[in-house]
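Peer 1: Have a look at the structure that comes next, please.
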Amino acid sequence: MSYYLCVDCGGSKTAAAIADGAGNIVGRAHGGPSNFAYLGLANFLQAVTESINAALRTFLPEPTSSSTYLPPPPDAPLFASAWFGVSGVDSAGAIARLVPPLAALLGVEPVVANDTHLLAAPLRLHDDVSAAIGCVSGTGGIVVSFRQGAGARLEELGRVGGWGWILGDEGGGFHVGREAVRQILWEADRASVLAPEQRETRSTLRTRVLERFGIEDPFELLTIVHWPDPIPGVAEDGKRDADADAPAYTRMAREKRLSSLAPLVFAAAFEDGDALAQRVLARTTGQLVDQLCVLLRPEADDPARTDAPRTVKASETILCFGGSLVGVEAYRKLILDELERRGHVLKRVTFVDDAAVAGAKALAAAGRA
């Protein structure tokens, strides 16, 4: 029997899923990070080989001639097709470097693309949609639109964002944390011109964030945010042992100091009903929806309009969410409500919690077509 393999290669882990011809998941495994841009070719291949072998080991007998299933014998192929979504692969040149060694490893030439492509895998599972938009909102964020390409491939139509935390990541964890600090400081600035009795300081978001860093004055957040990134194992005076009494934030990367605030914002907004936190999320989701609207066009066809030809209609599209923040239903609802307010109601909406599994099932569906 030939199987269908999908591997989600990310910056924190590698997820491999294998489906049979009916689309049933028969093997799954997780391994270490496999971001190609960070690891280079040799380490990338080692990471994915270990994860695929581990997935095969969950349902196949141990190989008799070696400790690995790969590469399979030419007369006994394991895979009918394979799909790799690889973080750090953003160019045709990078894909060209990966395809030959992966084909030699698997015995079949795989489809290789950026990992955002896996998020659109549900497009292959529904006949009533012609396009998919992958919307990533985790630590970072990006939106990408697709239509069905030749065979098992997806054709990318457009993409917006994914610029990283310094330049963008709208709607992601860093953006949420940064906007929370900005709004807390903005309220403190506004209060500076008011009489003490007129100053409104009641905000559970403000309280949660200040308590997180062990401070009372919101302007201390400026020091916390701008404090330099730590050098592992090195204190400011150059000694190897960092000051054990230094605040915890000095041992945390600047990006993480802000992205780690996202759960506090969500708790304040969705559990406490805090108005300041709700304003933060209205801004972050609004900017994420700005990006989604670049990929969408109005429902009514108007010959006088000159919309970009690679945009899609919401009524013909499945929106595929992925990432920890949009894993929260209330946050997804804010995004969908704002899209609807702007005239875009999606035909289908789904949250992809395991992109490798979704990809393996989609490959099997394409094989049955």
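Ligands are numbered from 1 in the order shown, residues from 1 within each chain, and chains are lettered A, B, ... in the order they appear in the structure tokens.
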Quick one: everything within 8 Å of stretch 122-135 of chain A, counting only C-alpha atoms, minus sequence neighbours fewer than 2 positions away in the same chain. Send it as an NGL selection string.
Peer 2: :A and (116-117 or 119-120 or 137 or 141-148 or 312 or 316-322 or 347-348 or 358-359 or 362 or 365-366)
Peer 1: Where does DSSP see helix (DSSP H, G or I) in stretch 60-172 of chain A, if you list the residues as a VMD selection string?
Peer 2: chain A and resid 92 to 106 116 to 119 121 to 125
Peer 1: What gap, in Å, lies between atom CA of A:Phe36 and atom CA of A:Gln291?
Peer 2: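 The value is 26.3 Å.
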Peer 1: Quick one: residues within 12 Å of A:Ile95, only C-alpha atoms counted, chain neighbours fewer than 4 positions away excluded, as a ChimeraX atom specification?
Peer 2: /A:36-37,41,84-91,99-102,109-115
Peer 1: Between A:Asp272, A:Glu197, A:Glu255, A:Asp290, which one has atoms that come closest to A:Gly173, using only C-alpha atoms?
Peer 2: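 Using only C-alpha atoms, the shortest distance to A:Gly173 belongs to A:Glu255.
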Peer 1: Could you tell me which of A:Ala92, A:Leu157, A:Ala180, A:Ala191 comes closest to A:Pro309 if we count only C-alpha atoms?
Peer 2: A:Leu157
Peer 1: Run DSSP on the backbone and tell me which residues of stretch 130-310 of chain A come out as strand (DSSP E); list them as a ChimeraX atom specification.
Peer 2: /A:131-137,141-148,154-161,296-297
Peer 1: Determine the nearest neighbour of A:Asp353 from the options A:Val209, A:Pro73, A:Ala195, A:Gly138, counting only C-alpha atoms.
Peer 2: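 Ranking A:Val209, A:Pro73, A:Ala195, A:Gly138 by distance to A:Asp353, first place goes to A:Gly138.
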Peer 1: Can you pull out every residue within 12 Å of A:Gly343, counting only C-alpha atoms, but drop anything in the same chain fewer than 4 positions away, and send it as a compact mmCIF listing (two decimals) with C-alpha atoms, in the first residue's frame?
Peer 2:
```txt
# COMPACT_ATOMS: atom_id res chain seq x y z
CA VAL A 289 -8.86 42.47 8.58
CA CYS A 293 -9.46 42.74 2.57
CA LEU A 296 -10.91 39.94 -1.17
CA ARG A 297 -13.09 41.75 -3.71
CA PRO A 298 -16.73 42.90 -3.55
CA GLU A 299 -19.45 40.34 -4.15
CA ALA A 300 -21.23 42.36 -6.83
CA LYS A 313 -14.95 36.61 -3.37
CA ALA A 314 -15.70 35.71 0.23
CA SER A 315 -18.80 33.80 -0.89
CA LEU A 336 -15.34 37.50 11.31
CA ASP A 337 -17.63 40.22 12.66
CA GLU A 338 -15.34 42.93 11.29
CA LEU A 339 -15.15 41.17 7.91
```
Peer 1: If you count only C-alpha atoms, which residues fall within 7 Å of A:Leu205, apart from same-chain ones fewer than 2 positions away, as an NGL selection string?
Peer 2: :A and (203 or 207-209 or 264-265 or 268 or 274 or 276-277)
Peer 1: State, in Å with one decimal place, the distance from atom CA of A:Gly367 to atom CA of A:Leu5.
Peer 2: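 Result for atom CA of A:Gly367 versus atom CA of A:Leu5: 11.9 Å, one decimal.
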